[in-house]
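Data block below; observations after.
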There are 2 protein chains.
Amino acid sequence: MSDGDEGAGQSAPSRRKDARRNKETLLGAAAAVFVTSGVDAPVRDIAAKAGVGLGTIYRHFPTRADLIIAVYRHQVDACADAGPALLATSASAHAALGRWIDLFVDFLVTKHGLAAVLQADNAGSEALHAYFLDRLVPVCAELLEAAAVAGEIRPDVDAYELMRGVGNLCFGADSDPRYDARRMVELLIAGLRPHR
Amino acid sequence: MSDGDEGAGQSAPSRRKDARRNKETLLGAAAAVFVTSGVDAPVRDIAAKAGVGLGTIYRHFPTRADLIIAVYRHQVDACADAGPALLATSASAHAALGRWIDLFVDFLVTKHGLAAVLQADNAGSEALHAYFLDRLVPVCAELLEAAAVAGEIRPDVDAYELMRGVGNLCFGADSDPRYDARRMVELLIAGLRPHR
DNA sequence: TGCAAAAACGGAACCACGTTCCGTATCGTT
DNA sequence: AACGATACGGAACGTGGTTCCGTTTTTGCA
């Protein structure tokens, strides 16, 4: 664990020791603040929590979105990895798809405000958007393909589009007790089935 | 037309003439700016386009959201009114529902960025959110009810939830050629059908 | 061990936005 | 024409992301 973008090496030999320590501190503080104040907490709050200056944050994470990516990278990767596993262990491709989407939805819904930040038109969050997509769309495509060849869903569903749709459905899922994103996603997935 | 919130009277006799003229100018300018720059165009741009000071905008429309409401009130009302009409003229309640949702989606997708502003958690847009919901949810509920009694959809679908879901699916529908909100909404509506 | 260059740090400063405030201009009535 | 009520314009404020730069800390080398 620790750094996460210094390639395959053991612990980023090229950086100064305090810099590495600060990066860890920052990740921890950000994660904590995200939990309590949501993903769109002010950068200043995170700096304060970490006992660090603003400059330090921006040196390690060029943009807010990069910090968010760093915080959630592990979980996104875990979700991506779960795809093939589910496909191998589930009774049907359709079941695997459903379970995988559930995983994704749980992830998004749990992170206060994450879904909103995923929007493509949010300036500065292209990196975040891109990371999620790069990592998850291929997995989704694989599951869709499997379900499609099994004849369990319509054959013309695009993985990117579905991911965006599901992500969109998760907007504001917390902060509104009358809206249950999971139910809506369930309807969307139900709509995937072939026309009778 | 013209004022729109002065109750039933003819043309708001209580206001000064220049004030009324400015309100019209502002509505026109806002509509124009929304078309070219999207619904989240800066208030200053609208003031500039109207050749008016910021104070003037905020006197007529206490908040950005109020201005947006004023600009789109006619169209929201038209959509609301179309509900019963469609129910009366369509072959089935399900067909009426589908067509009405299409109307709603067209409206949202056409207005650059409107769907995003509809989010409940956008501070200051409660009024906008509330107006849309007050006006459209009852209509949607009526259509859902009709389709449900006809056995054409699941009986346990909540109108509010469905409207939010559809609204959510429309986020960023422009500005992303790879995402077709209409198709996703179609899937969602398809998912409404009873389990086989 | 001492020291200078390199690497990081902190946080003031900047920009963009929504919104508020208040001195000034205009209206409409007497 | 004059005066009070009504509106106006835009400077100023609060908040949030991001940049910049003078200062501090670390590290490689003598």
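Ordering of the structure tokens sets the chain letters (A, B, ...); residue numbers start at 1 within each chain; ligands are numbered from 1 in the order shown.
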Please return as a compact mmCIF listing (two decimals) with C-alpha atoms, in the first residue's frame: the residues of stretch 23-152 of chain B that backbone DSSP assigns to alpha helix (DSSP H).
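Output file states-v6.txt follows:
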# COMPACT_ATOMS: atom_id res chain seq x y z
CA LYS B 23 -38.30 42.17 -15.23
CA GLU B 24 -39.34 41.38 -18.78
CA THR B 25 -35.92 42.34 -20.13
CA LEU B 26 -34.31 40.15 -17.53
CA LEU B 27 -36.45 37.14 -18.37
CA GLY B 28 -35.61 37.56 -22.03
CA ALA B 29 -31.92 37.97 -21.37
CA ALA B 30 -31.86 35.01 -19.02
CA ALA B 31 -33.65 32.79 -21.52
CA ALA B 32 -31.18 33.81 -24.21
CA VAL B 33 -28.12 33.26 -22.02
CA PHE B 34 -29.46 29.91 -20.81
CA VAL B 35 -29.75 28.77 -24.41
CA THR B 36 -26.22 29.73 -25.35
CA SER B 37 -24.30 29.19 -22.11
CA VAL B 43 -25.68 35.73 -12.87
CA ARG B 44 -23.32 38.50 -13.97
CA ASP B 45 -23.57 37.35 -17.58
CA ILE B 46 -27.31 37.63 -17.45
CA ALA B 47 -27.13 41.07 -15.87
CA ALA B 48 -24.71 42.18 -18.56
CA LYS B 49 -26.86 40.76 -21.36
CA ALA B 50 -29.85 42.62 -19.96
CA LEU B 54 -26.76 42.86 -10.18
CA GLY B 55 -29.00 44.46 -7.60
CA THR B 56 -31.79 44.62 -10.12
CA ILE B 57 -31.65 40.91 -10.77
CA TYR B 58 -31.72 40.06 -7.10
CA ARG B 59 -34.58 42.44 -6.39
CA HIS B 60 -36.76 40.75 -8.98
CA ARG B 64 -30.67 32.28 -9.13
CA ALA B 65 -33.14 29.45 -8.79
CA ASP B 66 -36.07 31.84 -8.81
CA LEU B 67 -34.89 33.25 -12.10
CA ILE B 68 -34.62 29.78 -13.55
CA ILE B 69 -38.10 28.94 -12.34
CA ALA B 70 -39.49 32.09 -13.90
CA VAL B 71 -37.85 31.33 -17.23
CA TYR B 72 -39.13 27.77 -17.43
CA ARG B 73 -42.44 28.08 -15.61
CA HIS B 74 -44.46 28.10 -18.83
CA GLN B 75 -42.83 24.97 -20.11
CA VAL B 76 -43.16 23.09 -16.86
CA ASP B 77 -46.81 24.00 -16.72
CA ALA B 78 -47.28 22.89 -20.29
CA CYS B 79 -45.74 19.55 -19.47
CA ALA B 80 -47.95 19.17 -16.44
CA ASP B 81 -51.03 19.99 -18.46
CA ALA B 82 -50.10 17.49 -21.13
CA GLY B 83 -50.46 14.61 -18.68
CA PRO B 84 -54.23 14.35 -18.43
CA ALA B 85 -54.51 15.13 -22.13
CA LEU B 86 -52.27 12.23 -23.05
CA LEU B 87 -54.16 9.94 -20.72
CA ALA B 88 -57.38 10.86 -22.47
CA THR B 89 -56.11 10.42 -26.01
CA ALA B 93 -52.26 4.28 -19.79
CA HIS B 94 -48.84 2.79 -20.32
CA ALA B 95 -48.54 4.51 -23.66
CA ALA B 96 -49.63 7.80 -22.08
CA LEU B 97 -47.03 7.41 -19.37
CA GLY B 98 -44.31 6.70 -21.90
CA ARG B 99 -45.21 9.70 -24.00
CA TRP B 100 -45.41 11.97 -21.01
CA ILE B 101 -42.02 10.89 -19.76
CA ASP B 102 -40.67 11.53 -23.26
CA LEU B 103 -42.02 15.06 -23.02
CA PHE B 104 -40.32 15.56 -19.68
CA VAL B 105 -37.05 14.12 -20.88
CA ASP B 106 -37.07 16.24 -24.02
CA PHE B 107 -37.60 19.29 -21.88
CA LEU B 108 -34.72 18.46 -19.53
CA VAL B 109 -32.30 17.32 -22.19
CA THR B 110 -32.94 20.40 -24.28
CA LEU B 114 -31.08 22.06 -16.11
CA ALA B 115 -31.12 18.50 -14.81
CA ALA B 116 -28.01 19.15 -12.73
CA VAL B 117 -29.55 22.19 -11.12
CA GLU B 126 -34.76 24.20 -3.14
CA ALA B 127 -37.35 26.50 -4.69
CA LEU B 128 -36.61 25.20 -8.16
CA HIS B 129 -36.68 21.63 -7.02
CA ALA B 130 -39.93 22.20 -5.17
CA TYR B 131 -41.60 23.86 -8.11
CA PHE B 132 -40.80 21.10 -10.52
CA LEU B 133 -41.93 18.49 -8.05
CA ASP B 134 -45.12 20.22 -6.97
CA ARG B 135 -46.14 20.63 -10.55
CA LEU B 136 -45.10 17.33 -12.07
CA VAL B 137 -45.25 14.67 -9.39
CA PRO B 138 -49.03 14.71 -9.11
CA VAL B 139 -49.36 14.30 -12.85
CA CYS B 140 -46.89 11.46 -12.86
CA ALA B 141 -48.72 9.84 -9.98
CA GLU B 142 -51.95 10.00 -11.92
CA LEU B 143 -50.41 8.34 -14.94
CA LEU B 144 -48.74 5.68 -12.82
CA GLU B 145 -51.97 4.96 -11.02
CA ALA B 146 -53.84 4.56 -14.26
CA ALA B 147 -51.21 2.23 -15.67
CA ALA B 148 -51.12 0.27 -12.44
CA VAL B 149 -54.85 -0.37 -12.30
Produce a table with one row for each residue of stretch 7-47 of chain A that has an atom at most 12 Å from any atom of stretch 1-23 of chain C, each row naming the nearest atom pair and its distance in Å at one decimal; use only C-alpha atoms (C1' of nucleotides); arrange rows by chain and rising residue number; format as CSV.
residue,atom,partner,partner_atom,distance
A:Ser14,CA,C:DA7,C1',10.7
A:Arg15,CA,C:DA7,C1',8.5
A:Arg16,CA,C:DA7,C1',7.2
A:Lys17,CA,C:DA8,C1',10.2
A:Asp18,CA,C:DA8,C1',8.1
A:Ala19,CA,C:DA8,C1',6.8
A:Arg20,CA,C:DA8,C1',10.5
A:Arg21,CA,C:DA8,C1',11.6
A:Asn22,CA,C:DA8,C1',10.0
A:Lys23,CA,C:DA8,C1',11.6
A:Arg44,CA,C:DG11,C1',10.8
A:Ala47,CA,C:DG10,C1',10.5
Keeping only all heavy atoms, write those residues as a JSON list (two decimals), in the first residue's frame.
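Now in result-v9.json:
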[["chain", "number", "residue", "atom", "x", "y", "z"],
["A", 14, "SER", "N", 12.59, 8.02, -4.65],
["A", 14, "SER", "CA", 12.99, 9.31, -5.18],
["A", 14, "SER", "C", 12.49, 10.51, -4.36],
["A", 14, "SER", "O", 13.00, 11.61, -4.49],
["A", 14, "SER", "CB", 12.50, 9.45, -6.62],
["A", 14, "SER", "OG", 11.09, 9.35, -6.65],
["A", 15, "ARG", "N", 11.49, 10.26, -3.52],
["A", 15, "ARG", "CA", 10.91, 11.39, -2.78],
["A", 15, "ARG", "C", 11.53, 11.56, -1.40],
["A", 15, "ARG", "O", 12.06, 10.63, -0.81],
["A", 15, "ARG", "CB", 9.41, 11.18, -2.61],
["A", 15, "ARG", "CG", 8.66, 11.17, -3.93],
["A", 15, "ARG", "CD", 8.28, 12.55, -4.37],
["A", 15, "ARG", "NE", 6.85, 12.66, -4.58],
["A", 15, "ARG", "CZ", 6.21, 12.12, -5.61],
["A", 15, "ARG", "NH1", 6.85, 11.40, -6.48],
["A", 15, "ARG", "NH2", 4.92, 12.31, -5.73],
["A", 16, "ARG", "N", 11.41, 12.70, -0.86],
["A", 16, "ARG", "CA", 11.91, 12.95, 0.47],
["A", 16, "ARG", "C", 10.99, 12.28, 1.48],
["A", 16, "ARG", "O", 9.79, 12.14, 1.25],
["A", 16, "ARG", "CB", 11.96, 14.46, 0.73],
["A", 16, "ARG", "CG", 13.37, 14.98, 0.83],
["A", 16, "ARG", "CD", 13.43, 16.47, 0.80],
["A", 16, "ARG", "NE", 12.63, 17.09, 1.85],
["A", 16, "ARG", "CZ", 12.66, 18.41, 2.10],
["A", 16, "ARG", "NH1", 13.40, 19.20, 1.37],
["A", 16, "ARG", "NH2", 11.92, 18.91, 3.04],
["A", 17, "LYS", "N", 11.54, 11.92, 2.62],
["A", 17, "LYS", "CA", 10.80, 11.14, 3.60],
["A", 17, "LYS", "C", 9.56, 11.90, 4.09],
["A", 17, "LYS", "O", 8.46, 11.35, 4.15],
["A", 17, "LYS", "CB", 11.72, 10.82, 4.78],
["A", 17, "LYS", "CG", 11.09, 9.94, 5.85],
["A", 17, "LYS", "CD", 12.08, 9.68, 6.98],
["A", 17, "LYS", "CE", 12.89, 10.93, 7.30],
["A", 17, "LYS", "NZ", 13.66, 10.87, 8.54],
["A", 18, "ASP", "N", 9.74, 13.16, 4.46],
["A", 18, "ASP", "CA", 8.60, 13.94, 4.97],
["A", 18, "ASP", "C", 7.49, 14.06, 3.93],
["A", 18, "ASP", "O", 6.32, 14.07, 4.25],
["A", 18, "ASP", "CB", 9.06, 15.31, 5.46],
["A", 18, "ASP", "CG", 9.77, 16.10, 4.36],
["A", 18, "ASP", "OD1", 10.20, 15.49, 3.37],
["A", 18, "ASP", "OD2", 9.87, 17.32, 4.50],
["A", 19, "ALA", "N", 7.91, 14.14, 2.67],
["A", 19, "ALA", "CA", 6.91, 14.27, 1.61],
["A", 19, "ALA", "C", 6.03, 13.03, 1.56],
["A", 19, "ALA", "O", 4.80, 13.12, 1.47],
["A", 19, "ALA", "CB", 7.60, 14.49, 0.27],
["A", 20, "ARG", "N", 6.68, 11.88, 1.68],
["A", 20, "ARG", "CA", 5.90, 10.64, 1.63],
["A", 20, "ARG", "C", 4.96, 10.55, 2.83],
["A", 20, "ARG", "O", 3.80, 10.18, 2.71],
["A", 20, "ARG", "CB", 6.84, 9.43, 1.61],
["A", 20, "ARG", "CG", 6.88, 8.75, 0.25],
["A", 20, "ARG", "CD", 7.94, 7.67, 0.26],
["A", 20, "ARG", "NE", 9.25, 8.26, 0.56],
["A", 20, "ARG", "CZ", 10.21, 7.63, 1.22],
["A", 20, "ARG", "NH1", 10.00, 6.41, 1.67],
["A", 20, "ARG", "NH2", 11.36, 8.23, 1.44],
["A", 21, "ARG", "N", 5.49, 10.91, 3.98],
["A", 21, "ARG", "CA", 4.67, 10.86, 5.20],
["A", 21, "ARG", "C", 3.47, 11.80, 5.06],
["A", 21, "ARG", "O", 2.34, 11.44, 5.35],
["A", 21, "ARG", "CB", 5.51, 11.26, 6.41],
["A", 21, "ARG", "CG", 4.79, 11.10, 7.73],
["A", 21, "ARG", "CD", 5.74, 11.21, 8.91],
["A", 21, "ARG", "NE", 6.79, 12.23, 8.73],
["A", 21, "ARG", "CZ", 6.59, 13.54, 8.82],
["A", 21, "ARG", "NH1", 5.39, 13.99, 9.10],
["A", 21, "ARG", "NH2", 7.58, 14.39, 8.62],
["A", 22, "ASN", "N", 3.72, 12.99, 4.55],
["A", 22, "ASN", "CA", 2.62, 13.94, 4.37],
["A", 22, "ASN", "C", 1.55, 13.41, 3.42],
["A", 22, "ASN", "O", 0.35, 13.60, 3.65],
["A", 22, "ASN", "CB", 3.15, 15.27, 3.82],
["A", 22, "ASN", "CG", 3.41, 16.25, 4.94],
["A", 22, "ASN", "OD1", 2.72, 16.24, 5.95],
["A", 22, "ASN", "ND2", 4.41, 17.08, 4.77],
["A", 23, "LYS", "N", 1.99, 12.73, 2.39],
["A", 23, "LYS", "CA", 1.02, 12.20, 1.44],
["A", 23, "LYS", "C", 0.09, 11.21, 2.13],
["A", 23, "LYS", "O", -1.13, 11.24, 1.94],
["A", 23, "LYS", "CB", 1.76, 11.52, 0.28],
["A", 23, "LYS", "CG", 0.85, 11.19, -0.89],
["A", 23, "LYS", "CD", 1.66, 10.85, -2.14],
["A", 23, "LYS", "CE", 0.76, 10.61, -3.35],
["A", 23, "LYS", "NZ", 1.54, 10.43, -4.59],
["A", 44, "ARG", "N", -9.72, 23.21, 1.98],
["A", 44, "ARG", "CA", -9.16, 23.81, 3.20],
["A", 44, "ARG", "C", -9.44, 22.96, 4.43],
["A", 44, "ARG", "O", -8.60, 22.86, 5.34],
["A", 44, "ARG", "CB", -9.73, 25.21, 3.40],
["A", 44, "ARG", "CG", -9.09, 26.27, 2.50],
["A", 44, "ARG", "CD", -9.92, 27.55, 2.50],
["A", 44, "ARG", "NE", -9.32, 28.64, 1.75],
["A", 44, "ARG", "CZ", -9.42, 28.78, 0.44],
["A", 44, "ARG", "NH1", -10.06, 27.87, -0.29],
["A", 44, "ARG", "NH2", -8.87, 29.81, -0.17],
["A", 47, "ALA", "N", -6.97, 20.14, 4.45],
["A", 47, "ALA", "CA", -5.65, 20.64, 4.85],
["A", 47, "ALA", "C", -5.60, 20.84, 6.36],
["A", 47, "ALA", "O", -4.65, 20.43, 7.03],
["A", 47, "ALA", "CB", -5.35, 21.94, 4.13]]
How close does each residue of chain D get to chain A, giving the shortest atom pair and distance in Å to one decimal for every residue with an atom at most 9 Å away, counting only C-alpha atoms (C1' of nucleotides), sorted by chain and residue number, as CSV?
residue,atom,partner,partner_atom,distance
D:DG16,C1',A:Pro42,CA,6.7
D:DG17,C1',A:Val43,CA,7.8
D:DT18,C1',A:Tyr58,CA,8.1
D:DT19,C1',A:Gly55,CA,8.8
D:DT25,C1',A:Asp18,CA,8.8
D:DT26,C1',A:Arg16,CA,7.2
D:DT27,C1',A:Arg16,CA,8.4
In Å to one decimal, how far is atom CA of A:Gly165 from atom CA of B:Asp180?
-> 9.1 Å
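For the atom pair formed by atom CA of B:Asp156 and atom CA of A:Glu161, the distance is 26.6 Å, given to one decimal.
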Shell around D:DC3 at 12 Å using only C-alpha atoms (C1' of nucleotides), local window under 2 positions removed, as a PyMOL selection string = (chain C and resi 27-30) or (chain D and resi 1+5)
As a CSV table (one decimal) with all heavy atoms, in the first residue's frame, could you give me every residue of chain B near chain A (at most 7 Å apart, counting only C-alpha atoms)?
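Output file out02.csv follows:
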chain,number,residue,atom,x,y,z
B,121,ASP,N,-29.6,18.5,-3.4
B,121,ASP,CA,-28.5,19.0,-2.6
B,121,ASP,C,-27.8,20.2,-3.1
B,121,ASP,O,-26.9,20.7,-2.4
B,121,ASP,CB,-27.5,17.8,-2.4
B,121,ASP,CG,-26.9,17.4,-3.7
B,121,ASP,OD1,-27.6,17.5,-4.7
B,121,ASP,OD2,-25.8,16.8,-3.6
B,161,GLU,N,-40.2,9.2,-6.7
B,161,GLU,CA,-39.0,8.5,-7.0
B,161,GLU,C,-38.7,8.4,-8.5
B,161,GLU,O,-37.6,8.6,-9.0
B,161,GLU,CB,-39.1,7.1,-6.4
B,161,GLU,CG,-37.8,6.5,-5.9
B,161,GLU,CD,-38.0,5.4,-4.9
B,161,GLU,OE1,-38.8,4.5,-5.1
B,161,GLU,OE2,-37.3,5.4,-3.9
B,165,GLY,N,-35.6,9.8,-10.5
B,165,GLY,CA,-34.8,8.9,-11.3
B,165,GLY,C,-34.6,9.3,-12.7
B,165,GLY,O,-33.5,9.4,-13.3
B,168,ASN,N,-32.5,12.4,-12.9
B,168,ASN,CA,-31.1,12.0,-12.7
B,168,ASN,C,-30.5,11.5,-14.0
B,168,ASN,O,-29.4,11.8,-14.3
B,168,ASN,CB,-31.0,11.0,-11.6
B,168,ASN,CG,-30.9,11.6,-10.2
B,168,ASN,OD1,-31.1,12.8,-10.1
B,168,ASN,ND2,-30.7,10.8,-9.2
B,169,LEU,N,-31.3,10.6,-14.6
B,169,LEU,CA,-30.7,10.0,-15.9
B,169,LEU,C,-30.4,11.1,-16.9
B,169,LEU,O,-29.6,10.8,-17.8
B,169,LEU,CB,-31.7,9.0,-16.4
B,169,LEU,CG,-31.8,7.6,-15.7
B,169,LEU,CD1,-32.9,6.7,-16.3
B,169,LEU,CD2,-30.4,7.0,-15.8
B,171,PHE,N,-29.0,14.0,-16.4
B,171,PHE,CA,-27.8,14.8,-16.1
B,171,PHE,C,-26.7,14.6,-17.2
B,171,PHE,O,-26.4,13.5,-17.6
B,171,PHE,CB,-27.1,14.3,-14.8
B,171,PHE,CG,-27.8,14.7,-13.6
B,171,PHE,CD1,-27.5,14.1,-12.4
B,171,PHE,CD2,-28.9,15.6,-13.6
B,171,PHE,CE1,-28.2,14.4,-11.2
B,171,PHE,CE2,-29.5,15.9,-12.5
B,171,PHE,CZ,-29.2,15.3,-11.3
B,172,GLY,N,-26.2,15.7,-17.7
B,172,GLY,CA,-25.1,15.6,-18.6
B,172,GLY,C,-25.4,15.0,-19.9
B,172,GLY,O,-24.6,14.5,-20.6
B,178,ARG,N,-21.6,10.2,-26.1
B,178,ARG,CA,-21.6,8.8,-25.9
B,178,ARG,C,-22.8,8.4,-25.0
B,178,ARG,O,-23.1,7.2,-24.9
B,178,ARG,CB,-20.3,8.3,-25.3
B,178,ARG,CG,-19.2,8.2,-26.2
B,178,ARG,CD,-17.9,7.6,-25.6
B,178,ARG,NE,-17.5,8.5,-24.4
B,178,ARG,CZ,-16.6,8.1,-23.5
B,178,ARG,NH1,-16.1,6.8,-23.6
B,178,ARG,NH2,-16.2,8.9,-22.6
B,179,TYR,N,-23.4,9.3,-24.4
B,179,TYR,CA,-24.5,9.0,-23.4
B,179,TYR,C,-25.8,9.5,-24.0
B,179,TYR,O,-26.0,10.7,-24.3
B,179,TYR,CB,-24.2,9.7,-22.1
B,179,TYR,CG,-25.3,9.4,-21.0
B,179,TYR,CD1,-25.5,8.1,-20.6
B,179,TYR,CD2,-26.1,10.4,-20.5
B,179,TYR,CE1,-26.5,7.8,-19.6
B,179,TYR,CE2,-27.1,10.1,-19.6
B,179,TYR,CZ,-27.3,8.8,-19.1
B,179,TYR,OH,-28.2,8.6,-18.2
B,184,MET,N,-31.6,5.4,-21.9
B,184,MET,CA,-31.6,4.9,-20.5
B,184,MET,C,-33.0,5.1,-19.8
B,184,MET,O,-33.4,4.2,-19.1
B,184,MET,CB,-30.6,5.7,-19.6
B,184,MET,CG,-29.1,5.4,-20.0
B,184,MET,SD,-28.7,3.6,-19.7
B,184,MET,CE,-28.5,3.0,-21.3
B,187,LEU,N,-35.1,2.3,-20.9
B,187,LEU,CA,-34.9,1.1,-20.2
B,187,LEU,C,-35.5,1.1,-18.8
B,187,LEU,O,-36.2,0.2,-18.4
B,187,LEU,CB,-33.3,0.9,-20.0
B,187,LEU,CG,-32.5,0.5,-21.2
B,187,LEU,CD1,-31.1,0.3,-20.9
B,187,LEU,CD2,-33.1,-0.8,-21.8
B,188,LEU,N,-35.4,2.3,-18.2
B,188,LEU,CA,-36.0,2.4,-16.8
B,188,LEU,C,-37.5,2.2,-16.9
B,188,LEU,O,-38.1,1.5,-16.1
B,188,LEU,CB,-35.7,3.8,-16.3
B,188,LEU,CG,-36.3,4.1,-14.9
B,188,LEU,CD1,-35.6,3.2,-13.9
B,188,LEU,CD2,-36.1,5.5,-14.5
B,190,ALA,N,-39.1,0.6,-19.2
B,190,ALA,CA,-39.3,-0.8,-19.6
B,190,ALA,C,-39.3,-1.7,-18.3
B,190,ALA,O,-40.0,-2.6,-18.1
B,190,ALA,CB,-38.3,-1.3,-20.6
B,191,GLY,N,-38.4,-1.3,-17.4
B,191,GLY,CA,-38.3,-2.0,-16.1
B,191,GLY,C,-39.5,-1.9,-15.2
B,191,GLY,O,-39.6,-2.6,-14.2
B,192,LEU,N,-40.3,-1.0,-15.6
B,192,LEU,CA,-41.6,-0.8,-14.8
B,192,LEU,C,-42.6,-1.9,-15.0
B,192,LEU,O,-43.5,-2.1,-14.1
B,192,LEU,CB,-42.2,0.6,-15.3
B,192,LEU,CG,-42.3,1.8,-14.3
B,192,LEU,CD1,-41.0,1.9,-13.5
B,192,LEU,CD2,-42.5,3.0,-15.2
